[in-house]
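Accompanying notes for the structure given below.
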Amino acid sequence: MVNDNHESNQLNIEYLNQIKDGVFNTLVNEFPDIVLIFDEEGRIVYVSRNTFSYFDIQTENGLLGKNFQELATSDYKEKIKKDLNQAKEGKSLSMFEYEFYGRNGSKFIGELSLSHFIHQKDNKKYFLGIIRDITNQKIIEIELRENKQMLQLVMDNIPQLISWKDVNSTYLGCNKNFARIAGLNNPVDIIGKTDYELPWKISEAESFFETDQLVINTNKPEYHIIEPQLQADGKQAWLDTNKIPLHNSKEEVVGIICTYEDITERVNSDTALKNSELKYKEAYNRAEFYKDVFAHDVSNILQGILFSVELCRYNSKESRKVKDLENFFDIIEDQVSRGANLVSNVRKISSIDDIGSKLEKVEVCNLLNVSIENIKKSFSKRKITFSLKKKYEYLYVQANHLILDIFNNILYNAVKHNKRPTVKIAIDITKKFIENESVIKLEFKDNGFGIPDAQKLSIFERNTIESKNFNRIGLGLSLVKRLIENYNGEIWVEDRIEGDYTQGSNFVILIREYID
């Protein structure tokens, strides 16, 4: 009974082995790739039926016993030998590429996967190798790589900036020009970066990201976005940007492509043109202003001189009116003085733009004394009293030599437009702090008939000219205002006695103190 069972088990094992061998042979022979078995020395001991369709060997005997290295081209023999030695040490080979000799003198690229096993009968180590022909795949890869290189070459040689990103606004690539302005040595260095990691300002990076996401979320391109960009070399550029969504085969948005054109020169040219137009308009308005002032003021001056001359002729016939002649001569002298002041003011106001910005250290107290003496000489026949109130012997401001003309104009107007028997002018000088900055405050208080509230602002305007209601020289206070503005100061007029303009005016000036 025991023998029967033993024989039955032996038959079952042999039957199973036959089945295994049949399955193995069927799989191997029907397998589309090359299947080889070779020993540790590399000698081939088994080949699949499909092997002969690849190599220029017609029979199994032509491969059996042949060393596996001999199937490879000369450039790959040593590589195979080295890889097989590593395999003997127990390391598996997976997807290693070699070049083999094929049929009719051809060559093909094979991808080898190798594993080892121990044969049960002789207890020796063998290797099972599967070789897949990837020649066509390699050709496609080469073509794709060449196409990619050609595309990159084209992009690198166009003047525009180009980049492309994924749906998270992470860079996937760019051309050489974009890499340059981003401060990168190679376009591939941008892969994986975001705008926040590049030289642009944080506010610019945020703006770029928001526009990216708008294009991605709406699936609509945005064209001609004019935006600033701080570049790696420190240049503040202006770009004309286009952002277009990228789609996959399912028409899903997978990213965006961005093209940029540097329009910095154009923007600067436009800005320069606008500035030029602005300067032209200012020059034109200034010329018109001069024309109006000259037409009005010079006409008044000449009319005053002609009228006085006519009266002189009339009164010269009667000797008793010699005193009146003296008055007429005073009028003529005054009108000539007004004309001289007018010409002087025009020359000065036309040069303010050139010299007004050159500020220096100027002491005001001595200059005020000089101005007071000038006014006394100009109005030698008027009774004028001056008082100068100050806490400091010397006070320095940021100005230039034209500050003397400011004092002369204000004091001249204070006397000229004051018809009281005695002209009283009080000058107060103090220091004060405005926004942590020390300024000198000068107040010129007179006892004239004052200036109505409606005229307090207009008297400093360029287009305000002399009128019968408020007689003044057209350029005087306009000159003062422009000079003080160039000193980064302020000027205004208020009532000497608050609420009653008829009690005189107070011209207030603020100028920055000069501090060493």
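Simple scheme: letters A, B, ... for chains in structure tokens order, numbers from 1 for residues in each chain, numbers from 1 for ligands in the order shown.
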Env of stretch 162-176 of chain A: 7 Å cut, atoms = only C-alpha atoms, seq-sep filter 4 positions within chain, self excluded. Answer as a list of chain:residue names.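 Residues near the query, excluding close chain neighbours: A:Gln152, A:Met155, A:Asp156, A:Arg180, A:Asn186, A:Pro187, A:Val188, A:Ile190, A:Ile191, A:Gly192, A:Lys193, A:Thr194, A:Phe209, A:Asp212, A:Ile216, A:Val254, A:Gly255, A:Ile256, A:Ile257, A:Cys258, A:Thr259, A:Tyr260.
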Taking 6 positions as the minimum chain separation for residues in the same chain, which residues sit within 8 Å of A:Thr73 when counting only C-alpha atoms? Answer as a PDB file with N, CA, C and O atoms, in the first residue's frame.
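Ended up saving to around-v4.pdb:
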```pdb
ATOM      1  N   GLU A  99      23.462  48.583 -27.068  1.00  0.00           N
ATOM      2  CA  GLU A  99      23.274  48.500 -28.516  1.00  0.00           C
ATOM      3  C   GLU A  99      23.727  47.114 -29.001  1.00  0.00           C
ATOM      4  O   GLU A  99      24.833  46.668 -28.661  1.00  0.00           O
ATOM      5  N   PHE A 100      22.872  46.452 -29.789  1.00  0.00           N
ATOM      6  CA  PHE A 100      23.162  45.090 -30.265  1.00  0.00           C
ATOM      7  C   PHE A 100      23.221  45.073 -31.786  1.00  0.00           C
ATOM      8  O   PHE A 100      22.619  45.915 -32.466  1.00  0.00           O
ATOM      9  N   TYR A 101      23.961  44.056 -32.306  1.00  0.00           N
ATOM     10  CA  TYR A 101      23.941  43.813 -33.748  1.00  0.00           C
ATOM     11  C   TYR A 101      22.629  43.117 -34.112  1.00  0.00           C
ATOM     12  O   TYR A 101      22.244  42.129 -33.471  1.00  0.00           O
TER      13      TYR A 101
END
```
Pick out the residues sitting within 6 Å of stretch 226-236 of chain A, and hand them over as a ChimeraX atom specification; count only C-alpha atoms, and ignore anything fewer than 2 positions along from it in its own chain. /A:181-183,199-200,238-240
For C-alpha atoms, I'd like the residues from the last selection saved as a PDB file, in the first residue's frame.
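Once written, part28.pdb looks like this:
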```pdb
ATOM      1  CA  ILE A 181      16.252  89.601 -16.360  1.00  0.00           C
ATOM      2  CA  ALA A 182      15.432  87.132 -13.542  1.00  0.00           C
ATOM      3  CA  GLY A 183      19.136  86.892 -12.669  1.00  0.00           C
ATOM      4  CA  PRO A 199      14.051  89.732  -7.976  1.00  0.00           C
ATOM      5  CA  TRP A 200      10.749  91.535  -8.503  1.00  0.00           C
ATOM      6  CA  TRP A 238       7.799  98.457 -17.804  1.00  0.00           C
ATOM      7  CA  LEU A 239       6.341  95.409 -19.585  1.00  0.00           C
ATOM      8  CA  ASP A 240       3.528  94.869 -22.076  1.00  0.00           C
TER       9      ASP A 240
END
```
Can you list, as a PyMOL selection string, every residue of stretch 173-295 of chain A that DSSP puts in helix (DSSP H, G or I)? chain A and resi 176-181+187-190+195-197+202-218+264-295
As an exercise, work out the distance from atom CA of A:Tyr396 to atom CA of A:Ile410 in Å and give it to one decimal place.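 Rounded to one decimal, the two atoms are 19.6 Å apart.
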Name all residues at most 8 Å from A:Ile491 (count only C-alpha atoms; drop same-chain ones fewer than 4 positions away) and give them as a ChimeraX atom specification. /A:481,484,507-510
Which residue, A:Gly129, A:Asn104, A:Gln58, A:Leu214, has the smallest gap to A:Leu84 when you use only C-alpha atoms?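 Ranking A:Gly129, A:Asn104, A:Gln58, A:Leu214 by distance to A:Leu84, first place goes to A:Gly129.
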Which of stretch 23-271 of chain A fall in strand (DSSP E or B), as number ranges by chain: A: 34-39, 43-47, 67, 72, 93-101, 107-118, 125-133, 161-166, 171-174, 222-230, 236-247, 253-262
Kindly give the distance, in Å, that separates atom CA of A:Pro452 and atom CA of A:Leu388, rounded to a single decimal.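 Separating atom CA of A:Pro452 from atom CA of A:Leu388 is a distance of 25.9 Å.
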